[in-house]
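Asker: Handing over target.txt, compact mmCIF, C-alpha atoms and all ligand atoms.
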# COMPACT_ATOMS: atom_id res chain seq x y z
CA MET R 1 -4.61 24.87 -4.78
CA THR R 2 -6.46 28.15 -4.58
CA GLY R 3 -6.88 30.32 -1.47
CA PRO R 4 -4.20 31.99 0.65
CA ARG R 5 -5.13 29.66 3.51
CA GLU R 6 -4.04 26.57 1.58
CA ALA R 7 -0.97 28.38 0.29
CA HIS R 8 0.11 29.24 3.83
CA TRP R 9 -0.03 25.61 5.07
CA LEU R 10 1.48 24.29 1.87
CA ASP R 11 4.43 26.66 2.28
CA GLN R 12 4.95 25.44 5.83
CA LEU R 13 4.75 21.80 4.80
CA GLN R 14 7.28 22.33 2.05
CA GLU R 15 9.56 24.48 4.18
CA ASP R 16 9.53 22.54 7.47
CA GLY R 17 8.19 19.12 6.40
CA TYR R 18 5.18 19.48 8.69
CA CYS R 19 2.49 21.86 9.87
CA ILE R 20 -0.07 21.84 12.66
CA ILE R 21 -3.40 23.34 11.68
CA PRO R 22 -5.33 24.47 14.75
CA GLN R 23 -9.04 23.68 15.13
CA LEU R 24 -9.56 22.51 11.57
CA VAL R 25 -12.65 20.55 12.56
CA ALA R 26 -15.06 20.96 15.45
CA GLU R 27 -14.02 19.34 18.69
CA GLN R 28 -17.46 17.69 18.89
CA GLN R 29 -16.80 15.89 15.62
CA ILE R 30 -13.63 14.39 17.07
CA ALA R 31 -15.50 13.51 20.28
CA ALA R 32 -18.07 11.66 18.16
CA LEU R 33 -15.28 9.73 16.40
CA ASP R 34 -13.70 8.87 19.74
CA ALA R 35 -17.06 7.61 21.00
CA ASP R 36 -17.55 5.49 17.84
CA LEU R 37 -14.12 3.92 18.39
CA GLU R 38 -14.49 3.39 22.14
CA GLY R 39 -15.44 -0.28 21.86
CA ALA R 40 -12.62 -1.03 19.43
CA PHE R 41 -10.08 0.73 21.65
CA ALA R 42 -11.29 -1.40 24.57
CA GLN R 43 -11.12 -4.67 22.65
CA ALA R 44 -7.97 -4.21 20.56
CA PRO R 45 -4.93 -5.90 22.08
CA LEU R 46 -1.67 -4.13 22.82
CA GLY R 47 0.67 -4.41 19.86
CA LYS R 48 3.64 -6.64 19.23
CA GLY R 49 6.99 -5.49 17.88
CA ASP R 50 9.44 -2.75 18.69
CA PHE R 51 8.14 -0.49 15.91
CA TYR R 52 4.41 -0.78 16.59
CA GLY R 53 5.18 -0.73 20.32
CA HIS R 54 4.34 -3.18 23.10
CA ARG R 55 2.20 -0.68 25.06
CA THR R 56 0.38 0.70 22.02
CA LYS R 57 -2.95 -0.40 20.56
CA ARG R 58 -3.65 -0.08 16.85
CA PHE R 59 -6.53 -0.94 14.58
CA GLY R 60 -7.44 0.07 11.06
CA SER R 61 -10.52 -0.05 8.81
CA LEU R 62 -11.75 3.18 10.37
CA LEU R 63 -14.18 3.90 7.53
CA ARG R 64 -16.12 0.82 8.61
CA ARG R 65 -16.15 1.91 12.23
CA SER R 66 -17.26 5.54 12.07
CA GLN R 67 -18.82 7.87 9.54
CA VAL R 68 -16.74 10.67 11.01
CA ALA R 69 -13.61 8.92 9.75
CA GLY R 70 -14.95 9.34 6.20
CA ASP R 71 -15.57 13.05 6.87
CA LEU R 72 -11.97 13.43 8.01
CA VAL R 73 -10.66 11.62 4.92
CA LEU R 74 -12.61 14.12 2.80
CA GLN R 75 -11.68 17.22 4.83
CA PRO R 76 -11.30 19.79 2.02
CA LEU R 77 -8.17 21.63 3.19
CA VAL R 78 -6.31 18.41 3.95
CA LEU R 79 -7.34 16.89 0.61
CA SER R 80 -6.17 19.93 -1.29
CA LEU R 81 -2.83 19.88 0.55
CA ALA R 82 -2.44 16.17 -0.26
CA ARG R 83 -3.20 16.81 -3.91
CA ALA R 84 -0.79 19.74 -4.03
CA ILE R 85 2.03 17.71 -2.45
CA LEU R 86 1.50 14.50 -4.42
CA GLY R 87 -0.18 15.62 -7.63
CA SER R 88 3.03 16.20 -9.58
CA ALA R 89 3.89 12.49 -9.42
CA CYS R 90 0.53 10.80 -9.92
CA ASP R 91 -2.70 11.09 -11.79
CA ARG R 92 -4.72 10.81 -8.57
CA ILE R 93 -4.08 10.25 -4.88
CA GLN R 94 -5.40 7.40 -2.72
CA LEU R 95 -6.10 6.74 0.91
CA ASN R 96 -3.03 5.04 2.35
CA VAL R 97 -4.22 4.37 5.87
CA ALA R 98 -6.95 5.16 8.36
CA GLN R 99 -5.69 3.77 11.66
CA ALA R 100 -6.34 4.46 15.33
CA ILE R 101 -3.39 4.55 17.72
CA ALA R 102 -3.61 4.46 21.52
CA ILE R 103 -0.36 4.99 23.40
CA HIS R 104 -0.73 3.47 26.85
CA PRO R 105 1.05 4.53 30.04
CA GLY R 106 4.64 3.30 30.13
CA GLU R 107 5.10 3.15 26.35
CA ILE R 108 8.61 4.19 25.30
CA GLU R 109 9.47 6.66 22.54
CA GLN R 110 8.83 5.21 19.10
CA PHE R 111 11.72 4.68 16.69
CA PRO R 112 12.12 7.94 14.72
CA HIS R 113 11.34 7.10 11.09
CA CYS R 114 10.12 8.32 7.69
CA ASP R 115 6.83 6.71 6.70
CA GLN R 116 7.85 6.64 3.03
CA ASP R 117 10.51 4.05 3.90
CA MET R 118 7.74 1.45 3.66
CA TRP R 119 8.33 1.63 -0.10
CA ALA R 120 11.65 0.45 -1.53
CA GLY R 121 13.77 2.36 -4.04
CA ARG R 122 15.63 5.63 -4.25
CA LYS R 123 13.70 8.61 -2.95
CA GLY R 124 14.11 12.30 -3.39
CA ASP R 125 12.49 13.28 -6.67
CA HIS R 126 9.01 13.72 -5.21
CA GLU R 127 6.90 12.99 -2.15
CA TYR R 128 5.11 9.65 -1.69
CA LEU R 129 2.85 10.39 1.25
CA LEU R 130 1.10 12.98 3.36
CA ASN R 131 0.00 11.91 6.83
CA VAL R 132 -2.46 13.66 9.10
CA ILE R 133 -2.73 12.77 12.76
CA TRP R 134 -6.00 13.83 14.38
CA PRO R 135 -5.65 13.82 18.18
CA LEU R 136 -8.62 12.22 19.97
CA THR R 137 -7.25 13.27 23.36
CA GLU R 138 -4.98 16.18 24.16
CA PHE R 139 -1.42 15.51 23.04
CA THR R 140 1.05 16.71 25.69
CA ARG R 141 4.81 16.66 26.20
CA LEU R 142 4.38 13.84 28.70
CA ASN R 143 1.67 11.62 27.23
CA GLY R 144 3.23 10.66 23.91
CA ALA R 145 2.55 13.61 21.59
CA THR R 146 4.08 12.96 18.17
CA ARG R 147 7.67 14.21 17.81
CA ILE R 148 8.63 15.69 14.47
CA TYR R 149 12.12 16.58 13.23
CA PRO R 150 11.76 19.79 11.19
CA GLY R 151 13.67 19.96 7.93
CA THR R 152 14.51 16.24 7.78
CA HIS R 153 12.50 15.97 4.53
CA ARG R 154 15.30 17.88 2.84
CA LYS R 155 18.32 16.02 4.16
CA PRO R 156 18.16 12.24 4.47
CA VAL R 157 19.26 11.10 7.94
CA ASP R 158 21.89 8.33 8.04
CA ASN R 159 22.01 7.88 11.77
CA LEU R 160 19.67 8.87 14.55
CA GLU R 161 22.51 10.44 16.54
CA SER R 162 22.74 13.23 13.97
CA LEU R 163 19.13 14.33 14.46
CA ASP R 164 18.52 17.77 15.92
CA ASP R 165 15.88 18.15 18.63
CA PRO R 166 12.32 17.40 17.52
CA ILE R 167 9.32 19.61 17.99
CA VAL R 168 6.62 18.07 20.16
CA ALA R 169 3.19 18.28 18.55
CA VAL R 170 1.36 19.51 21.62
CA CYS R 171 -2.22 19.91 20.46
CA LYS R 172 -5.91 19.34 21.02
CA PRO R 173 -8.80 17.44 19.47
CA GLY R 174 -9.82 19.37 16.32
CA ASP R 175 -6.21 20.21 15.39
CA ALA R 176 -4.54 18.44 12.46
CA ILE R 177 -0.88 17.42 12.57
CA CYS R 178 0.29 17.11 8.96
CA PHE R 179 3.69 15.80 7.87
CA LEU R 180 5.36 14.51 4.74
CA GLY R 181 6.35 10.90 4.15
CA SER R 182 9.95 12.09 4.00
CA THR R 183 9.86 13.81 7.40
CA VAL R 184 11.37 11.97 10.37
CA HIS R 185 8.92 11.60 13.26
CA GLY R 186 7.66 9.14 15.87
CA ALA R 187 5.28 8.91 18.80
CA GLY R 188 6.70 10.22 22.07
CA PRO R 189 6.93 8.17 25.30
CA ASN R 190 3.88 8.12 27.53
CA GLN R 191 5.01 9.04 31.02
CA THR R 192 1.51 9.67 32.38
CA GLU R 193 -1.24 7.46 33.77
CA ASP R 194 -3.58 8.29 30.88
CA VAL R 195 -3.93 6.88 27.37
CA ARG R 196 -3.00 9.12 24.41
CA ARG R 197 -5.41 8.38 21.56
CA GLY R 198 -5.21 9.55 17.96
CA VAL R 199 -6.12 8.66 14.43
CA VAL R 200 -3.77 8.74 11.48
CA ILE R 201 -5.19 9.32 8.04
CA GLY R 202 -2.66 9.19 5.22
CA TYR R 203 -2.76 9.82 1.50
CA SER R 204 -0.27 8.42 -1.00
CA LEU R 205 0.49 8.43 -4.71
CA GLY R 206 -2.33 6.58 -6.44
CA TRP R 207 -0.02 4.06 -8.09
CA LEU R 208 1.61 2.77 -4.90
CA LYS R 209 0.67 -0.32 -2.95
CA PRO R 210 -1.22 1.24 -0.02
CA TYR R 211 -0.07 0.50 3.52
CA GLU R 212 -3.52 -0.67 4.51
CA ASN R 213 -5.07 -3.25 2.18
CA LEU R 214 -8.01 -1.09 1.16
CA TRP R 215 -10.00 -3.72 -0.72
CA LEU R 216 -9.95 -6.16 2.22
CA ALA R 217 -10.67 -3.41 4.75
CA TYR R 218 -13.52 -2.12 2.55
CA PRO R 219 -14.87 -4.92 0.33
CA PRO R 220 -17.53 -3.93 -2.23
CA ALA R 221 -20.44 -4.53 0.16
CA VAL R 222 -18.91 -1.97 2.53
CA ALA R 223 -17.66 0.51 -0.09
CA LYS R 224 -21.15 0.56 -1.69
CA GLU R 225 -22.22 2.72 1.24
CA PHE R 226 -19.48 5.31 0.58
CA SER R 227 -19.95 8.49 -1.43
CA PRO R 228 -18.38 8.19 -4.91
CA GLU R 229 -15.48 10.45 -3.83
CA LEU R 230 -14.75 8.36 -0.74
CA ALA R 231 -15.04 5.09 -2.72
CA GLU R 232 -12.48 6.41 -5.21
CA LEU R 233 -10.04 7.34 -2.46
CA ALA R 234 -10.61 3.92 -0.90
CA GLY R 235 -9.42 2.10 -4.03
CA TYR R 236 -12.48 1.87 -6.28
CA VAL R 237 -10.97 3.65 -9.27
CA GLN R 238 -8.19 2.99 -11.78
CA HIS R 239 -4.98 4.94 -11.88
CA ARG R 240 -4.40 5.71 -15.54
CA PRO R 241 -3.15 3.78 -17.46
CA ASN R 242 -5.27 0.77 -16.49
CA LEU R 243 -3.71 0.24 -13.05
CA GLY R 244 -5.87 -1.41 -10.41
CA ASN R 245 -8.50 -2.60 -12.87
CA PHE R 246 -11.01 -5.38 -12.24
CA GLU R 247 -11.48 -7.53 -15.35
CA GLY R 248 -10.24 -4.64 -17.49
CA GLN R 249 -12.77 -2.24 -15.98
CA CYS R 250 -12.83 0.38 -13.29
CA PRO R 251 -13.24 -1.54 -10.01
CA SER R 252 -16.20 0.71 -9.21
CA VAL R 253 -18.12 -1.72 -11.46
CA LEU R 254 -18.21 -3.89 -8.32
CA LEU R 255 -20.24 -1.24 -6.52
CA SER R 256 -23.07 -1.40 -9.03
CA ASP R 257 -26.17 -3.49 -8.40
CA LYS R 258 -25.58 -5.83 -11.28
CA VAL R 259 -21.96 -6.82 -11.91
CA PRO R 260 -21.59 -8.33 -15.39
CA GLU R 261 -19.98 -11.78 -15.44
CA PHE R 262 -17.68 -10.70 -18.26
CA PRO R 263 -17.16 -6.93 -18.13
CA GLN R 264 -15.80 -5.41 -21.34
CA ALA R 265 -12.06 -4.75 -21.00
CA THR R 266 -11.82 -1.03 -21.73
CA ASP R 267 -8.78 1.25 -21.97
CA SER R 268 -8.35 3.81 -19.24
CA LEU R 269 -5.56 6.03 -20.54
CA ARG R 270 -4.27 9.54 -19.98
CA PRO R 271 -5.07 11.85 -22.91
CA ASP R 272 -1.46 11.78 -24.17
CA GLN R 273 -1.40 7.99 -24.09
CA LYS R 274 -4.79 7.75 -25.74
CA GLU R 275 -3.58 9.99 -28.54
CA ALA R 276 -0.31 8.06 -29.03
CA VAL R 277 -1.98 4.65 -29.28
CA ARG R 278 -4.75 6.06 -31.49
CA GLU R 279 -2.20 7.48 -33.92
CA PHE R 280 -0.29 4.19 -33.96
CA ALA R 281 -3.44 2.12 -34.46
CA LYS R 282 -4.43 4.43 -37.34
CA THR R 283 -1.20 3.64 -39.21
CA ARG R 284 -1.84 -0.09 -38.78
CA ARG R 285 -5.48 0.18 -39.83
CA GLY R 286 -4.61 2.09 -42.98
CA GLY R 287 -5.39 5.65 -41.87
CA ARG R 288 -8.70 5.08 -40.02
O1 LIG R 301 1.12 8.00 16.93
C1 LIG R 301 2.00 8.80 16.60
O2 LIG R 301 2.19 9.86 17.19
C2 LIG R 301 2.90 8.50 15.43
C3 LIG R 301 2.81 7.07 14.96
C4 LIG R 301 3.67 6.81 13.77
O3 LIG R 301 4.38 7.64 13.30
C5 LIG R 301 3.60 5.50 13.10
O4 LIG R 301 3.09 4.55 13.70
O5 LIG R 301 4.09 5.40 11.95
FE FE R 302 5.05 7.10 11.32
Please, can you express the file's structure as structure tokens?
Ligand SMILES: O=C(O)CCC(=O)C(=O)O
Ligand SMILES: [Fe+2]
Answerer:
Amino acid sequence: MTGPREAHWLDQLQEDGYCIIPQLVAEQQIAALDADLEGAFAQAPLGKGDFYGHRTKRFGSLLRRSQVAGDLVLQPLVLSLARAILGSACDRIQLNVAQAIAIHPGEIEQFPHCDQDMWAGRKGDHEYLLNVIWPLTEFTRLNGATRIYPGTHRKPVDNLESLDDPIVAVCKPGDAICFLGSTVHGAGPNQTEDVRRGVVIGYSLGWLKPYENLWLAYPPAVAKEFSPELAELAGYVQHRPNLGNFEGQCPSVLLSDKVPEFPQATDSLRPDQKEAVREFAKTRRGGR
């Protein structure tokens, strides 16, 4: 985290649990993404289930569907915010999701929730997730703009009745709606005749099971086309120590032209772990 710009948004995220960054990318870039996804939006069925919504379309694997999605994943300010929020509890962050969401006319308000509740266990010591919603259409009070409950990242909510009023993330293509995994939020109801479209790109602690199965969404033949930084975020890297390996190696070995049949199992440790096991091994080897 360096510049005052990052510091400003980081402060807001930590203080309120969310921030909305205006015009972070060019509107044309978002229009290009929307155009790339047009066919998928047309073909995807309405969802099933009271959480996903019965009048809402969703599909993932966005890095396969549009190069712009990869540019958004790598957006420098967002990435630095994600690293600042999550970096104290992991060695590296990962992509958690890249999903398109279309809220159709007549959809009801989504269940207010914390996205980090997808992972079990006691929470509170650190954040698990940073989500960024990129509107593809204008988000308005009436068409289903995301509702966010400021401050809920600091006091766990036992019942929905106790929630104060949400803010409505009224915004435009090019803006970035950022919120923590511990912040209560949900899509609003769509009371218009138009579809509200958006894309959610989330980042989580690198040692968690990601929401979207990255390696099925982006098998090696697909991930080979990614830049090294994007491939790492999309799962082709180990989280030290040795987590997420393929045959004891960094899974990026699968992106090389010639994958050895028996790769050499090789430690991938943090420096402190490397030192501790080296010292121990020395005592057992007689000082070498
Ligand atoms: O589309 C939105 O505004 C929010 C969706 C959401 O929070 C979710 O599906 O988890
Ligand atoms: Fe959510």
Asker: Report the closest atom pair, with its distance in Å rounded to one decimal, for each residue of chain R that has an atom no farther than 7 Å from ligand LIG 301 (chain R); count only C-alpha atoms and all ligand atoms, sort by chain and then rising residue number, and write it as a tab-separated table.
Answerer:
residue	atom	partner	partner_atom	distance
R:Tyr52	CA	R:LIG301	O4	6.2
R:Ile101	CA	R:LIG301	O1	5.7
R:Asp115	CA	R:LIG301	O5	6.1
R:Gly144	CA	R:LIG301	O2	6.8
R:Ala145	CA	R:LIG301	O2	5.8
R:Thr146	CA	R:LIG301	O2	3.8
R:His185	CA	R:LIG301	O3	6.0
R:Gly186	CA	R:LIG301	O3	4.4
R:Ala187	CA	R:LIG301	O2	3.6
R:Gly188	CA	R:LIG301	O2	6.7
R:Gly198	CA	R:LIG301	O1	6.6
Asker: Distance atom CA of Arg92 of chain R-atom CA of Ile20 of chain R, one decimal place?
Answerer: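 Atom CA of Ile20 of chain R lies at a distance of 24.4 Å from atom CA of Arg92 of chain R.
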Asker: What separation in Å, quoted to one decimal, exists between atom CA of Ser204 of chain R and atom CA of Ala82 of chain R?
Answerer: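 We find that atom CA of Ser204 of chain R and atom CA of Ala82 of chain R lie 8.1 Å from each other.
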Asker: Can you list every residue of chain R that has an atom at most 10 Å from ligand FE 302 (chain R), with its nearest atom pair and the distance in Å to one decimal, using only C-alpha atoms and all ligand atoms, ordered by chain then number, as a Markdown table?
Answerer:
| residue | atom | partner | partner_atom | distance |
| --- | --- | --- | --- | --- |
| R:Phe51 | CA | R:FE302 | FE | 9.4 |
| R:Tyr52 | CA | R:FE302 | FE | 9.5 |
| R:Gln110 | CA | R:FE302 | FE | 8.9 |
| R:Phe111 | CA | R:FE302 | FE | 8.9 |
| R:Pro112 | CA | R:FE302 | FE | 7.9 |
| R:His113 | CA | R:FE302 | FE | 6.3 |
| R:Cys114 | CA | R:FE302 | FE | 6.4 |
| R:Asp115 | CA | R:FE302 | FE | 5.0 |
| R:Gln116 | CA | R:FE302 | FE | 8.8 |
| R:Asp117 | CA | R:FE302 | FE | 9.7 |
| R:Met118 | CA | R:FE302 | FE | 9.9 |
| R:Asn131 | CA | R:FE302 | FE | 8.3 |
| R:Ile133 | CA | R:FE302 | FE | 9.7 |
| R:Thr146 | CA | R:FE302 | FE | 9.1 |
| R:Arg147 | CA | R:FE302 | FE | 10.0 |
| R:Ile148 | CA | R:FE302 | FE | 9.8 |
| R:Phe179 | CA | R:FE302 | FE | 9.5 |
| R:Leu180 | CA | R:FE302 | FE | 9.9 |
| R:Gly181 | CA | R:FE302 | FE | 8.2 |
| R:Thr183 | CA | R:FE302 | FE | 9.1 |
| R:Val184 | CA | R:FE302 | FE | 8.0 |
| R:His185 | CA | R:FE302 | FE | 6.2 |
| R:Gly186 | CA | R:FE302 | FE | 5.6 |
| R:Ala187 | CA | R:FE302 | FE | 7.7 |
| R:Val200 | CA | R:FE302 | FE | 9.0 |
Asker: Using only C-alpha atoms, which residue out of R:Ala176, R:Leu81, R:Ala69, R:Val25 lies closest to Arg5 of chain R?
Answerer: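 The answer is R:Leu81, which sits nearest to Arg5 of chain R.
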Asker: Given 4 Å on each side, where is the centre and what are the edge lengths in Å to one decimal of the axis-aligned box enclosing the listed atoms of segment 26-44 of chain R, as AutoDock Vina command-line options?
Answerer:
--center_x -13.0 --center_y 8.1 --center_z 20.0 --size_x 18.1 --size_y 33.6 --size_z 17.1
Asker: Name the closest residue to Asp50 of chain R among the candidates R:Asp34, R:Glu107, R:Asp91, R:Glu27; distances are taken between atoms, counting only C-alpha atoms.
Answerer: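 Closest residue, counting only C-alpha atoms: R:Glu107.
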Asker: Hey, what's within 8 Å of segment 254-257 of chain R if we count all atoms listed in the file and toss same-chain stuff fewer than 6 positions away? As a ChimeraX atom specification, please?
Answerer: /R:220-221,223-224
Asker: Would you mind telling me which residue in R:Cys178, R:Val73, R:Ile108, R:Leu243 lies nearest to Asp16 of chain R when using all atoms listed in the file?
Answerer: R:Cys178
Asker: Fewer than 4 positions away in the same chain doesn't count, so skip those; otherwise give me all residues within 12 Å of Ala217 of chain R, counting all atoms listed in the file, as a VMD selection string.
Answerer: chain R and resid 59 to 65 95 to 99 210 to 213 221 to 223 234 to 235
Asker: Measuring between all atoms listed in the file, which one of R:His104, R:Arg154, R:Lys258, R:Arg240 shows the shortest distance to Asp125 of chain R?
Answerer: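 Smallest distance to Asp125 of chain R is found for R:Arg154.
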Asker: Which of these, R:Gly244, R:Gly206, R:Pro150, R:Pro105, has the shortest distance to Ala89 of chain R once you count only C-alpha atoms?
Answerer: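 Once distances to Ala89 of chain R are computed over only C-alpha atoms, the minimum belongs to R:Gly206.
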Asker: Please identify all polymer residues within 9 Å of segment 29-32 of chain R, counting all atoms listed in the file, omitting same-chain residues fewer than 5 positions from it, and present them as a PyMOL selection string.
Answerer: chain R and resi 37+66+68+134-137+173-174
Asker: In Å, rounded to a single decimal, give me how far atom CA of His239 of chain R is from atom CA of Gln273 of chain R.
Answerer: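 Interatomic distance, atom CA of Gln273 of chain R to atom CA of His239 of chain R: 13.1 Å.
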Asker: Extract, using only C-alpha atoms, all DNA, RNA and protein residues at most 12 Å from His8 of chain R, discarding same-chain residues fewer than 4 positions from it, and format them as a list in words.
Answerer: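 In the requested form, the answer reads Met1, Thr2, Gly3, Pro4, Gln12, Leu13, Gln14, Glu15, Cys19, Ile20, Ile21, Leu77 and Leu81 of chain R.
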Asker: Can you spit out the residues from that selection as a short mmCIF file (atom, residue, chain, number, x, y, z; two decimals), keeping the file's coordinate frame, using C-alpha atoms?
Answerer:
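So selection.cif came out as:
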data_model
loop_
_atom_site.label_atom_id
_atom_site.label_comp_id
_atom_site.auth_asym_id
_atom_site.auth_seq_id
_atom_site.Cartn_x
_atom_site.Cartn_y
_atom_site.Cartn_z
CA MET R 1 -4.61 24.87 -4.78
CA THR R 2 -6.46 28.15 -4.58
CA GLY R 3 -6.88 30.32 -1.47
CA PRO R 4 -4.20 31.99 0.65
CA GLN R 12 4.95 25.44 5.83
CA LEU R 13 4.75 21.80 4.80
CA GLN R 14 7.28 22.33 2.05
CA GLU R 15 9.56 24.48 4.18
CA CYS R 19 2.49 21.86 9.87
CA ILE R 20 -0.07 21.84 12.66
CA ILE R 21 -3.40 23.34 11.68
CA LEU R 77 -8.17 21.63 3.19
CA LEU R 81 -2.83 19.88 0.55
#
Asker: Missing atoms in segment 74-93 of chain R: can you complete it with N, CA and C atoms, as a CSV table (one decimal), in the frame of the given file?
Answerer:
chain,number,residue,atom,x,y,z
R,74,LEU,N,-12.2,13.2,3.8
R,74,LEU,CA,-12.6,14.1,2.8
R,74,LEU,C,-12.4,15.6,3.2
R,75,GLN,N,-11.8,15.8,4.4
R,75,GLN,CA,-11.7,17.2,4.8
R,75,GLN,C,-11.0,18.1,3.7
R,76,PRO,N,-11.7,19.1,3.3
R,76,PRO,CA,-11.3,19.8,2.0
R,76,PRO,C,-9.9,20.4,2.1
R,77,LEU,N,-9.5,21.0,3.2
R,77,LEU,CA,-8.2,21.6,3.2
R,77,LEU,C,-7.1,20.5,3.1
R,78,VAL,N,-7.3,19.5,3.9
R,78,VAL,CA,-6.3,18.4,4.0
R,78,VAL,C,-6.2,17.8,2.6
R,79,LEU,N,-7.4,17.5,1.9
R,79,LEU,CA,-7.3,16.9,0.6
R,79,LEU,C,-6.6,17.8,-0.4
R,80,SER,N,-6.8,19.1,-0.3
R,80,SER,CA,-6.2,19.9,-1.3
R,80,SER,C,-4.7,20.0,-1.0
R,81,LEU,N,-4.3,19.9,0.3
R,81,LEU,CA,-2.8,19.9,0.6
R,81,LEU,C,-2.2,18.6,0.0
R,82,ALA,N,-2.9,17.5,0.2
R,82,ALA,CA,-2.4,16.2,-0.3
R,82,ALA,C,-2.3,16.2,-1.8
R,83,ARG,N,-3.3,16.8,-2.4
R,83,ARG,CA,-3.2,16.8,-3.9
R,83,ARG,C,-2.1,17.7,-4.4
R,84,ALA,N,-1.9,18.8,-3.6
R,84,ALA,CA,-0.8,19.7,-4.0
R,84,ALA,C,0.6,19.1,-3.8
R,85,ILE,N,0.7,18.3,-2.8
R,85,ILE,CA,2.0,17.7,-2.4
R,85,ILE,C,2.3,16.5,-3.4
R,86,LEU,N,1.3,15.8,-3.7
R,86,LEU,CA,1.5,14.5,-4.4
R,86,LEU,C,1.1,14.6,-5.9
R,87,GLY,N,0.4,15.6,-6.3
R,87,GLY,CA,-0.2,15.6,-7.6
R,87,GLY,C,0.8,15.7,-8.8
R,88,SER,N,2.1,16.1,-8.5
R,88,SER,CA,3.0,16.2,-9.6
R,88,SER,C,3.5,14.8,-10.0
R,89,ALA,N,3.3,13.8,-9.1
R,89,ALA,CA,3.9,12.5,-9.4
R,89,ALA,C,2.8,11.4,-9.6
R,90,CYS,N,1.6,11.8,-9.7
R,90,CYS,CA,0.5,10.8,-9.9
R,90,CYS,C,-0.7,11.5,-10.6
R,91,ASP,N,-1.5,10.6,-11.1
R,91,ASP,CA,-2.7,11.1,-11.8
R,91,ASP,C,-3.8,11.4,-10.8
R,92,ARG,N,-3.8,10.6,-9.7
R,92,ARG,CA,-4.7,10.8,-8.6
R,92,ARG,C,-4.1,10.2,-7.3
R,93,ILE,N,-4.6,10.8,-6.2
R,93,ILE,CA,-4.1,10.2,-4.9
R,93,ILE,C,-5.0,9.2,-4.4
